[in-house]
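Asks: So here's entry-v3.txt (compact mmCIF, C-alpha atoms).
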```
# COMPACT_ATOMS: atom_id res chain seq x y z
CA MET A 1 90.66 -24.93 162.86
CA ILE A 2 89.96 -25.52 159.17
CA LYS A 3 92.68 -25.30 156.53
CA PHE A 4 91.67 -23.37 153.43
CA THR A 5 93.10 -22.14 150.14
CA LYS A 6 92.04 -18.88 148.50
CA MET A 7 91.87 -19.20 144.70
CA GLN A 8 90.58 -17.11 141.83
CA GLY A 9 89.74 -17.42 138.17
CA CYS A 10 89.43 -14.11 136.33
CA GLY A 11 88.88 -12.39 139.67
CA ASN A 12 85.98 -14.70 140.61
CA ASP A 13 87.40 -15.70 144.01
CA TYR A 14 86.40 -18.51 146.35
CA VAL A 15 87.64 -20.13 149.53
CA TYR A 16 88.46 -23.80 148.90
CA VAL A 17 88.44 -26.53 151.53
CA ASN A 18 89.79 -30.02 150.93
CA CYS A 19 87.08 -32.13 152.57
CA LEU A 20 89.10 -35.28 152.00
CA THR A 21 91.01 -34.17 155.12
CA GLU A 22 88.89 -31.35 156.60
CA THR A 23 85.30 -31.29 157.90
CA VAL A 24 82.89 -28.37 157.51
CA ASN A 25 79.83 -28.98 159.69
CA ASP A 26 77.80 -25.93 158.64
CA PRO A 27 78.74 -25.04 155.05
CA ASN A 28 75.96 -22.44 154.71
CA GLY A 29 77.08 -20.49 157.77
CA PHE A 30 80.76 -21.05 157.00
CA ALA A 31 80.26 -19.66 153.49
CA ARG A 32 78.76 -16.48 154.91
CA LYS A 33 81.63 -16.13 157.38
CA VAL A 34 84.55 -16.65 154.99
CA SER A 35 82.98 -14.56 152.21
CA ASN A 36 82.72 -11.40 154.30
CA ARG A 37 85.33 -9.01 152.91
CA HIS A 38 85.56 -6.99 156.13
CA TYR A 39 85.34 -9.62 158.87
CA GLY A 40 86.17 -12.82 157.02
CA ILE A 41 88.63 -13.97 154.38
CA GLY A 42 86.77 -12.26 151.56
CA SER A 43 85.37 -14.16 148.59
CA ASP A 44 82.43 -14.73 146.27
CA GLY A 45 81.69 -17.93 148.17
CA LEU A 46 82.89 -21.31 149.40
CA ILE A 47 83.97 -24.40 147.47
CA LEU A 48 84.17 -27.84 149.10
CA ILE A 49 86.24 -30.53 147.36
CA LYS A 50 84.98 -34.00 148.22
CA GLU A 51 85.28 -37.62 147.19
CA SER A 52 82.97 -39.03 144.52
CA ARG A 53 81.68 -42.55 144.08
CA THR A 54 81.47 -42.23 140.31
CA GLU A 55 83.87 -39.44 139.26
CA ASP A 56 87.35 -38.25 140.19
CA PHE A 57 86.10 -35.63 142.67
CA THR A 58 82.97 -33.79 143.78
CA MET A 59 82.63 -30.00 143.96
CA HIS A 60 80.03 -28.33 146.19
CA MET A 61 79.66 -24.56 145.89
CA TYR A 62 78.04 -22.01 148.19
CA ASN A 63 77.36 -18.36 147.41
CA SER A 64 78.41 -15.55 149.71
CA ASP A 65 74.90 -15.41 151.24
CA GLY A 66 75.17 -19.08 152.23
CA SER A 67 72.85 -20.43 149.55
CA GLN A 68 74.05 -23.44 147.58
CA GLY A 69 74.57 -23.20 143.84
CA GLU A 70 74.72 -25.95 141.26
CA MET A 71 77.93 -25.08 139.41
CA CYS A 72 80.54 -22.39 138.86
CA GLY A 73 82.78 -22.40 135.80
CA ASN A 74 85.59 -20.32 137.28
CA ALA A 75 85.51 -22.34 140.50
CA ILE A 76 85.67 -25.71 138.78
CA ARG A 77 88.82 -24.65 136.90
CA CYS A 78 90.39 -23.85 140.25
CA VAL A 79 89.28 -27.25 141.57
CA GLY A 80 91.22 -28.84 138.73
CA LYS A 81 94.30 -26.81 139.61
CA TYR A 82 93.94 -27.55 143.32
CA VAL A 83 93.71 -31.33 143.06
CA PHE A 84 96.64 -31.53 140.63
CA ASP A 85 98.95 -28.97 142.28
CA HIS A 86 98.26 -30.44 145.74
CA ASN A 87 99.07 -33.96 144.53
CA LEU A 88 95.57 -35.38 144.98
CA THR A 89 95.83 -36.69 141.42
CA ASP A 90 98.36 -36.98 138.62
CA LYS A 91 95.68 -37.00 135.91
CA THR A 92 95.39 -34.09 133.48
CA LYS A 93 91.92 -35.12 132.33
CA LEU A 94 89.40 -35.11 135.17
CA SER A 95 85.71 -35.69 135.77
CA ILE A 96 84.14 -33.54 138.49
CA GLU A 97 80.71 -34.27 139.95
CA THR A 98 78.56 -31.17 140.61
CA LEU A 99 74.90 -30.49 141.34
CA GLY A 100 74.76 -29.22 137.75
CA GLY A 101 75.99 -32.54 136.35
CA THR A 102 79.40 -34.04 135.69
CA LYS A 103 81.93 -31.71 134.05
CA TYR A 104 85.11 -32.80 132.28
CA LEU A 105 88.37 -30.88 132.63
CA ASP A 106 91.50 -30.82 130.48
CA LEU A 107 94.44 -29.35 132.41
CA THR A 108 97.35 -27.44 130.85
CA VAL A 109 100.44 -28.06 133.00
CA VAL A 110 103.65 -25.99 132.92
CA ASP A 111 106.55 -26.80 135.28
CA ASP A 112 104.33 -29.19 137.26
CA LYS A 113 101.66 -26.53 137.87
CA VAL A 114 98.30 -26.05 136.19
CA THR A 115 98.12 -22.75 134.31
CA MET A 116 95.00 -23.09 132.14
CA VAL A 117 91.95 -25.33 132.22
CA THR A 118 89.47 -26.22 129.50
CA VAL A 119 86.08 -27.38 130.75
CA ASP A 120 83.59 -29.34 128.70
CA MET A 121 80.47 -27.55 129.89
CA GLY A 122 78.20 -30.06 128.17
CA GLU A 123 74.97 -29.44 126.33
CA PRO A 124 73.16 -26.15 126.86
CA ILE A 125 69.60 -26.38 128.16
CA LEU A 126 67.02 -24.14 126.49
CA GLU A 127 63.70 -25.56 127.76
CA PRO A 128 62.26 -22.94 130.14
CA LYS A 129 60.92 -25.46 132.66
CA ARG A 130 64.40 -26.96 133.06
CA ILE A 131 66.19 -23.59 133.51
CA PRO A 132 63.66 -22.74 135.15
CA ILE A 133 61.77 -19.76 133.71
CA ALA A 134 58.03 -19.51 134.30
CA VAL A 135 56.79 -19.12 130.71
CA ASN A 136 54.82 -21.36 128.37
CA GLU A 137 57.29 -21.29 125.50
CA GLU A 138 59.60 -23.84 123.88
CA LYS A 139 62.54 -21.45 124.23
CA VAL A 140 63.21 -18.03 125.69
CA LEU A 141 65.00 -16.36 122.81
CA ASN A 142 65.11 -12.53 122.83
CA MET A 143 61.85 -12.48 124.76
CA PRO A 144 60.64 -8.96 125.67
CA MET A 145 60.79 -8.38 129.43
CA LYS A 146 60.00 -5.18 131.28
CA VAL A 147 62.06 -4.33 134.37
CA LEU A 148 61.65 -0.98 136.17
CA GLU A 149 59.97 0.64 133.17
CA ARG A 150 62.78 -0.44 130.84
CA GLU A 151 62.30 -3.16 128.24
CA PHE A 152 64.96 -5.82 127.76
CA GLN A 153 65.28 -8.80 125.43
CA LEU A 154 65.91 -11.95 127.48
CA THR A 155 67.54 -15.19 126.32
CA GLY A 156 67.33 -18.00 128.87
CA ILE A 157 69.93 -20.78 129.07
CA SER A 158 71.12 -23.29 131.66
CA ILE A 159 74.49 -24.98 131.64
CA GLY A 160 73.89 -26.61 135.01
CA ASN A 161 72.60 -23.42 136.62
CA PRO A 162 70.09 -20.79 135.43
CA HIS A 163 71.13 -17.79 133.34
CA GLY A 164 69.31 -14.92 131.72
CA VAL A 165 71.26 -13.02 129.06
CA VAL A 166 70.24 -9.50 128.00
CA PHE A 167 71.94 -7.31 125.40
CA ILE A 168 72.78 -3.66 126.10
CA ASP A 169 74.73 -0.94 124.32
CA ASP A 170 77.37 -0.18 126.96
CA THR A 171 78.33 -2.50 129.83
CA LYS A 172 80.67 0.06 131.40
CA ARG A 173 77.94 2.61 132.08
CA PHE A 174 75.10 0.19 132.79
CA PRO A 175 73.66 0.57 136.35
CA ILE A 176 73.90 -3.13 137.22
CA GLU A 177 73.44 -2.43 140.93
CA ILE A 178 69.92 -1.22 140.14
CA TYR A 179 68.79 -3.82 137.62
CA GLY A 180 70.71 -6.88 138.87
CA PRO A 181 68.59 -7.45 142.00
CA GLU A 182 65.39 -6.84 140.04
CA PHE A 183 66.25 -9.62 137.61
CA GLU A 184 67.47 -11.97 140.34
CA HIS A 185 64.20 -11.79 142.29
CA HIS A 186 61.78 -11.41 139.37
CA THR A 187 58.70 -13.62 139.47
CA LEU A 188 59.69 -15.21 136.15
CA PHE A 189 62.51 -17.03 137.94
CA PRO A 190 61.24 -19.42 140.66
CA GLU A 191 64.80 -20.35 141.70
CA ARG A 192 66.22 -16.87 141.07
CA ILE A 193 68.58 -16.25 138.14
CA ASN A 194 72.12 -15.26 137.25
CA THR A 195 71.88 -12.31 134.87
CA GLU A 196 74.45 -11.37 132.22
CA PHE A 197 74.43 -7.93 130.65
CA VAL A 198 76.20 -8.26 127.30
CA GLN A 199 77.61 -5.82 124.76
CA VAL A 200 78.55 -7.34 121.40
CA LEU A 201 81.81 -5.88 120.06
CA ASN A 202 82.27 -7.94 116.89
CA ARG A 203 81.85 -11.49 115.57
CA ASN A 204 84.40 -12.86 118.03
CA GLU A 205 84.33 -10.60 121.11
CA ILE A 206 81.82 -9.47 123.70
CA ASN A 207 81.85 -7.52 126.96
CA MET A 208 79.94 -8.99 129.89
CA ARG A 209 78.97 -7.94 133.39
CA VAL A 210 77.23 -10.39 135.67
CA TRP A 211 74.88 -10.24 138.63
CA GLU A 212 75.06 -13.63 140.35
CA ARG A 213 72.18 -14.83 142.50
CA GLY A 214 73.25 -14.88 146.12
CA SER A 215 76.46 -12.93 145.50
CA GLY A 216 75.63 -9.74 143.60
CA GLU A 217 77.99 -8.42 140.96
CA THR A 218 81.14 -10.51 140.62
CA TRP A 219 84.22 -9.88 138.51
CA ALA A 220 83.61 -12.96 136.40
CA CYS A 221 81.35 -15.97 135.96
CA GLY A 222 82.39 -18.99 133.91
CA THR A 223 78.92 -20.42 133.39
CA GLY A 224 77.68 -16.90 132.70
CA ALA A 225 80.37 -16.33 130.09
CA THR A 226 79.47 -19.66 128.49
CA CYS A 227 75.76 -18.84 128.35
CA SER A 228 76.43 -15.28 127.15
CA ALA A 229 78.56 -16.49 124.27
CA PHE A 230 76.00 -19.13 123.35
CA ALA A 231 73.19 -16.57 123.48
CA CYS A 232 75.18 -14.48 120.99
CA MET A 233 75.61 -17.51 118.74
CA LEU A 234 71.90 -18.39 118.95
CA ASN A 235 70.90 -14.86 118.01
CA GLY A 236 73.39 -14.71 115.14
CA TYR A 237 75.55 -11.99 116.66
CA THR A 238 78.83 -13.95 116.76
CA ASP A 239 80.67 -16.93 115.34
CA ASP A 240 81.16 -20.21 117.25
CA LYS A 241 84.29 -19.08 119.10
CA VAL A 242 84.04 -16.01 121.32
CA THR A 243 86.33 -14.16 123.71
CA VAL A 244 84.33 -12.89 126.68
CA HIS A 245 85.78 -9.78 128.34
CA MET A 246 84.79 -9.45 132.02
CA LEU A 247 85.88 -7.16 134.83
CA GLY A 248 88.32 -9.80 136.08
CA GLY A 249 89.71 -11.05 132.79
CA ASP A 250 88.92 -13.01 129.64
CA LEU A 251 87.52 -16.44 128.89
CA THR A 252 87.34 -18.22 125.54
CA ILE A 253 84.09 -20.03 124.74
CA SER A 254 83.76 -22.38 121.79
CA TYR A 255 80.83 -24.41 120.48
CA ASP A 256 81.00 -27.79 118.77
CA ARG A 257 77.81 -27.98 116.74
CA LYS A 258 78.36 -31.65 115.84
CA ILE A 259 77.91 -32.82 119.43
CA ASN A 260 76.12 -29.71 120.81
CA HIS A 261 78.77 -29.10 123.50
CA LEU A 262 80.19 -25.84 124.83
CA TYR A 263 83.80 -25.47 125.99
CA MET A 264 85.28 -22.87 128.31
CA THR A 265 89.02 -22.13 128.54
CA GLY A 266 90.64 -19.84 131.09
CA PRO A 267 93.18 -19.42 133.90
CA ALA A 268 93.14 -20.62 137.50
CA GLU A 269 95.36 -19.18 140.22
CA GLU A 270 96.11 -19.85 143.88
CA VAL A 271 96.25 -16.72 146.03
CA PHE A 272 97.17 -17.90 149.54
CA GLU A 273 96.59 -20.58 152.21
CA GLY A 274 95.60 -20.31 155.84
CA THR A 275 93.49 -21.62 158.71
CA ILE A 276 90.27 -20.28 160.20
CA GLU A 277 87.83 -21.29 162.92
CA GLU A 278 84.47 -22.52 161.67
```
Represent the structure contained in this file as structure tokens.
Replies:
Amino acid sequence: MIKFTKMQGCGNDYVYVNCLTETVNDPNGFARKVSNRHYGIGSDGLILIKESRTEDFTMHMYNSDGSQGEMCGNAIRCVGKYVFDHNLTDKTKLSIETLGGTKYLDLTVVDDKVTMVTVDMGEPILEPKRIPIAVNEEKVLNMPMKVLEREFQLTGISIGNPHGVVFIDDTKRFPIEIYGPEFEHHTLFPERINTEFVQVLNRNEINMRVWERGSGETWACGTGATCSAFACMLNGYTDDKVTVHMLGGDLTISYDRKINHLYMTGPAEEVFEGTIEE
């Protein structure tokens, strides 16, 4: 039996396993099992918390289809809450190793429990070959892209995992279930893509819906919110601090131009604990 903790950040929910004490032999298959909302626990994927040789902890993430992802902003906030609330550390400033690079967390603690987490998401990546996007351009900035006879303007960004941001007039009525898979599996994206459909409300607020590769539409995406806000800043639609409204809640994204770093602030919550057979 494997002990697990269900956690969520803005409705982006994952099953967390403390691999300092537990062993998951087949994380790809286990991710598919626990993510099933009818026969499993129900989640957007699986998060494994492990030791790190160079940082405070390591986070490995798996999507609901069993594929491994590089990073997840909502999940890493919950990792920070988990390790502090479960007495694995007494530090409120943490470094977490991920496949998308090391991320730095600043924990807000109230009554000995973490309530909010700010993540230094690092420097945004705009070079198409590093995202990757299969184009011969220096940047993908409002690039015309035709999908199912409809033309979109694509901005490509990576913050440790690949994102394509497109701007639409109305996120509420947008048929994401039709266009999301088409973007995810488009030939422009050799490693697939997370796609954000963004509606700009004003200089400081946007609406966002996200289609995550390997998971479909989720209620929130921290890296997606970060890239969406930065895409708005790059295109001159917003200022350097943006509230991102998602189906599951809000995140605040800020940009420090002096050091070219993006910061994400939002909640992290524990839902329940349990045990399950692998």
Asks: Residues at most 12 Å from Met233 in chain A, counting all atoms listed in the file, excluding those fewer than 3 positions away in the same chain, as a list in words?
Replies: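 The contact residues come out as Leu141, Thr155, Val200, Asn202, Arg203, Asn204, Glu205, Ile206, Thr226, Cys227, Ser228, Ala229, Phe230, Gly236, Tyr237, Thr238, Asp239, Asp240, Lys241, Val242, Ile253, Ser254, Tyr255, Asp256, Arg257 and Leu262 of chain A.
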Asks: Output C-alpha atoms for every residue in the selection just made, as a CSV table (one decimal), in the frame of the given file.
Replies:
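See part.csv below for the written result:
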```
chain,number,residue,atom,x,y,z
A,141,LEU,CA,65.0,-16.4,122.8
A,155,THR,CA,67.5,-15.2,126.3
A,200,VAL,CA,78.6,-7.3,121.4
A,202,ASN,CA,82.3,-7.9,116.9
A,203,ARG,CA,81.8,-11.5,115.6
A,204,ASN,CA,84.4,-12.9,118.0
A,205,GLU,CA,84.3,-10.6,121.1
A,206,ILE,CA,81.8,-9.5,123.7
A,226,THR,CA,79.5,-19.7,128.5
A,227,CYS,CA,75.8,-18.8,128.4
A,228,SER,CA,76.4,-15.3,127.2
A,229,ALA,CA,78.6,-16.5,124.3
A,230,PHE,CA,76.0,-19.1,123.4
A,236,GLY,CA,73.4,-14.7,115.1
A,237,TYR,CA,75.6,-12.0,116.7
A,238,THR,CA,78.8,-14.0,116.8
A,239,ASP,CA,80.7,-16.9,115.3
A,240,ASP,CA,81.2,-20.2,117.2
A,241,LYS,CA,84.3,-19.1,119.1
A,242,VAL,CA,84.0,-16.0,121.3
A,253,ILE,CA,84.1,-20.0,124.7
A,254,SER,CA,83.8,-22.4,121.8
A,255,TYR,CA,80.8,-24.4,120.5
A,256,ASP,CA,81.0,-27.8,118.8
A,257,ARG,CA,77.8,-28.0,116.7
A,262,LEU,CA,80.2,-25.8,124.8
```
Asks: Tell me, as a list in words, which residues lie within 9 Å of range 143-145 of chain A, counting all atoms listed in the file; anything in the same chain fewer than 6 positions away does not count.
Replies: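 Counting only the stated atoms, we get Glu151, Phe152, Gln153, Leu154, Thr155 and Gly156 of chain A.
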Asks: In Å to one decimal, how far is CA of Thr115 in chain A from CA of Val79 in chain A?
Replies: 12.3 Å
Asks: Name the closest residue to Leu251 in chain A among the candidates A:Pro124, A:Met208, A:Glu277, A:His186; distances are taken between atoms, counting only C-alpha atoms.
Replies: A:Met208
Asks: List as an NGL selection string the protein and nucleic acid residues near Gly274 in chain A, meaning an atom at most 8 Å away when only C-alpha atoms are counted, but skip any in the same chain fewer than 6 places from it.
Replies: :A and (3-5)
Asks: What are the closest atom pairs, with distances in Å to one decimal, for all residues of range 125-195 of chain A lying within 12 Å of range 63-67 of chain A? Consider all atoms listed in the file, order rows by chain and residue number, and present the result as a tab-separated table.
Replies:
```
residue	atom	partner	partner_atom	distance
A:Glu191	CA	A:Ser67	CA	11.2
A:Arg192	CA	A:Ser67	CA	11.3
A:Asn194	CA	A:Asn63	CA	11.8
```
Asks: Could you write out that same residue set with C-alpha atoms as a PDB file, in the frame of the given file?
Replies:
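Ended up saving to part-v6.pdb:
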```pdb
ATOM      1  CA  GLU A 191      64.800 -20.350 141.700  1.00  0.00           C
ATOM      2  CA  ARG A 192      66.220 -16.870 141.070  1.00  0.00           C
ATOM      3  CA  ASN A 194      72.120 -15.260 137.250  1.00  0.00           C
TER       4      ASN A 194
END
```
Asks: Nearest to Ser52 in chain A: which of A:Val15, A:Thr252, A:Thr98, A:Ile159 is it, counting only C-alpha atoms?
Replies: A:Thr98
Asks: May I ask for the distance between CA of Met116 in chain A and CA of Met71 in chain A, given in Å to one decimal place?
Replies: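 Calculated distance between CA of Met116 in chain A and CA of Met71 in chain A is 18.7 Å.
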Asks: Do you know which residues are at most 8 Å from range 128-132 of chain A counting all atoms listed in the file, after dropping those on the same chain fewer than 6 positions away, and could you put them as number ranges by chain?
Replies: A: 138-140, 156-158, 161-163, 189-191
Asks: Pick from A:Trp219, A:Phe167, A:Phe57, A:Tyr39: nearest to Tyr82 in chain A, with only C-alpha atoms counted?
Replies: A:Phe57
Asks: For Gly224 in chain A, which residue out of A:Gly40, A:Gly164, A:Gly80, A:Gly122 is the nearest one, using all atoms listed in the file?
Replies: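 So, comparing all the options, the nearest one is A:Gly164.
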Asks: Closest to Ala75 in chain A among A:Glu55, A:Glu22, A:Glu217, A:Glu269, using only C-alpha atoms?
Replies: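 Looking only at the distances to Ala75 in chain A, the closest residue turns out to be A:Glu269.
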Asks: Which residue gives the smallest distance to Phe272 in chain A among A:Ile41, A:Leu247, A:Cys19, A:Val119, with only C-alpha atoms counted?
Replies: A:Ile41
Asks: Could you state the separation of CA of Val244 in chain A and CA of Ser215 in chain A in Å, given to one decimal place?
Replies: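 Atom-to-atom, CA of Val244 in chain A to CA of Ser215 in chain A, that is 20.4 Å.
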Asks: Find the residues around Val17 in chain A up to 12 Å (all atoms listed in the file counted), leave out those fewer than 4 positions away in its own chain, and share them as a ChimeraX atom specification.
Replies: /A:1-7,21-24,27,30-31,34,45-50,58-62,78-79,82-83,273-276,278
Asks: Give me range 66-92 of chain A with N, CA, C and O atoms filled in, as a short mmCIF file (atom, residue, chain, number, x, y, z; two decimals), in the coordinates of the input.
Replies:
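See result.cif below for the written result:
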```
data_model
loop_
_atom_site.label_atom_id
_atom_site.label_comp_id
_atom_site.auth_asym_id
_atom_site.auth_seq_id
_atom_site.Cartn_x
_atom_site.Cartn_y
_atom_site.Cartn_z
N GLY A 66 75.36 -17.77 151.62
CA GLY A 66 75.17 -19.08 152.23
C GLY A 66 74.33 -20.04 151.42
O GLY A 66 74.26 -21.23 151.73
N SER A 67 73.66 -19.55 150.38
CA SER A 67 72.85 -20.43 149.55
C SER A 67 73.75 -21.32 148.68
O SER A 67 74.85 -20.93 148.31
N GLN A 68 73.26 -22.51 148.39
CA GLN A 68 74.05 -23.44 147.58
C GLN A 68 73.71 -23.28 146.12
O GLN A 68 72.55 -23.16 145.73
N GLY A 69 74.74 -23.27 145.28
CA GLY A 69 74.57 -23.20 143.84
C GLY A 69 74.90 -24.53 143.20
O GLY A 69 75.52 -25.40 143.81
N GLU A 70 74.49 -24.67 141.94
CA GLU A 70 74.72 -25.95 141.26
C GLU A 70 76.14 -26.07 140.72
O GLU A 70 76.77 -27.13 140.81
N MET A 71 76.65 -25.00 140.12
CA MET A 71 77.93 -25.08 139.41
C MET A 71 78.53 -23.71 139.27
O MET A 71 77.83 -22.70 139.29
N CYS A 72 79.84 -23.64 139.13
CA CYS A 72 80.54 -22.39 138.86
C CYS A 72 81.72 -22.70 137.96
O CYS A 72 82.60 -23.50 138.33
N GLY A 73 81.74 -22.10 136.78
CA GLY A 73 82.78 -22.40 135.80
C GLY A 73 84.17 -21.97 136.24
O GLY A 73 85.15 -22.69 136.05
N ASN A 74 84.29 -20.77 136.82
CA ASN A 74 85.59 -20.32 137.28
C ASN A 74 86.07 -21.17 138.46
O ASN A 74 87.25 -21.49 138.57
N ALA A 75 85.13 -21.53 139.33
CA ALA A 75 85.51 -22.34 140.50
C ALA A 75 85.96 -23.74 140.10
O ALA A 75 86.92 -24.28 140.68
N ILE A 76 85.31 -24.33 139.12
CA ILE A 76 85.67 -25.71 138.78
C ILE A 76 87.05 -25.77 138.11
O ILE A 76 87.78 -26.75 138.25
N ARG A 77 87.45 -24.68 137.42
CA ARG A 77 88.82 -24.65 136.90
C ARG A 77 89.82 -24.65 138.05
O ARG A 77 90.84 -25.33 137.99
N CYS A 78 89.49 -23.89 139.09
CA CYS A 78 90.39 -23.85 140.25
C CYS A 78 90.41 -25.19 141.00
O CYS A 78 91.43 -25.56 141.57
N VAL A 79 89.30 -25.91 140.99
CA VAL A 79 89.28 -27.25 141.57
C VAL A 79 90.27 -28.15 140.84
O VAL A 79 91.04 -28.89 141.46
N GLY A 80 90.27 -28.06 139.51
CA GLY A 80 91.22 -28.84 138.73
C GLY A 80 92.65 -28.51 139.09
O GLY A 80 93.50 -29.40 139.25
N LYS A 81 92.95 -27.22 139.23
CA LYS A 81 94.30 -26.81 139.61
C LYS A 81 94.64 -27.29 141.02
O LYS A 81 95.74 -27.79 141.27
N TYR A 82 93.68 -27.16 141.93
CA TYR A 82 93.94 -27.55 143.32
C TYR A 82 94.31 -29.02 143.43
O TYR A 82 95.31 -29.38 144.05
N VAL A 83 93.48 -29.89 142.86
CA VAL A 83 93.71 -31.33 143.06
C VAL A 83 95.00 -31.79 142.39
O VAL A 83 95.66 -32.72 142.88
N PHE A 84 95.38 -31.14 141.28
CA PHE A 84 96.64 -31.53 140.63
C PHE A 84 97.84 -30.93 141.37
O PHE A 84 98.78 -31.65 141.72
N ASP A 85 97.81 -29.64 141.64
CA ASP A 85 98.95 -28.97 142.28
C ASP A 85 99.19 -29.48 143.69
O ASP A 85 100.32 -29.45 144.19
N HIS A 86 98.12 -29.94 144.37
CA HIS A 86 98.26 -30.44 145.74
C HIS A 86 98.40 -31.95 145.79
O HIS A 86 98.23 -32.56 146.86
N ASN A 87 98.72 -32.54 144.63
CA ASN A 87 99.07 -33.96 144.53
C ASN A 87 97.94 -34.90 144.97
O ASN A 87 98.19 -36.00 145.48
N LEU A 88 96.69 -34.47 144.74
CA LEU A 88 95.57 -35.38 144.98
C LEU A 88 95.31 -36.27 143.77
O LEU A 88 94.58 -37.25 143.86
N THR A 89 95.92 -35.90 142.64
CA THR A 89 95.83 -36.69 141.42
C THR A 89 97.00 -36.35 140.53
O THR A 89 97.59 -35.26 140.67
N ASP A 90 97.35 -37.28 139.64
CA ASP A 90 98.36 -36.98 138.62
C ASP A 90 97.73 -36.96 137.23
O ASP A 90 98.43 -36.87 136.22
N LYS A 91 96.40 -37.01 137.18
CA LYS A 91 95.68 -37.00 135.91
C LYS A 91 95.52 -35.58 135.39
O LYS A 91 95.31 -34.65 136.16
N THR A 92 95.62 -35.41 134.09
CA THR A 92 95.39 -34.09 133.48
C THR A 92 94.03 -34.02 132.79
O THR A 92 93.66 -32.97 132.27
#
```
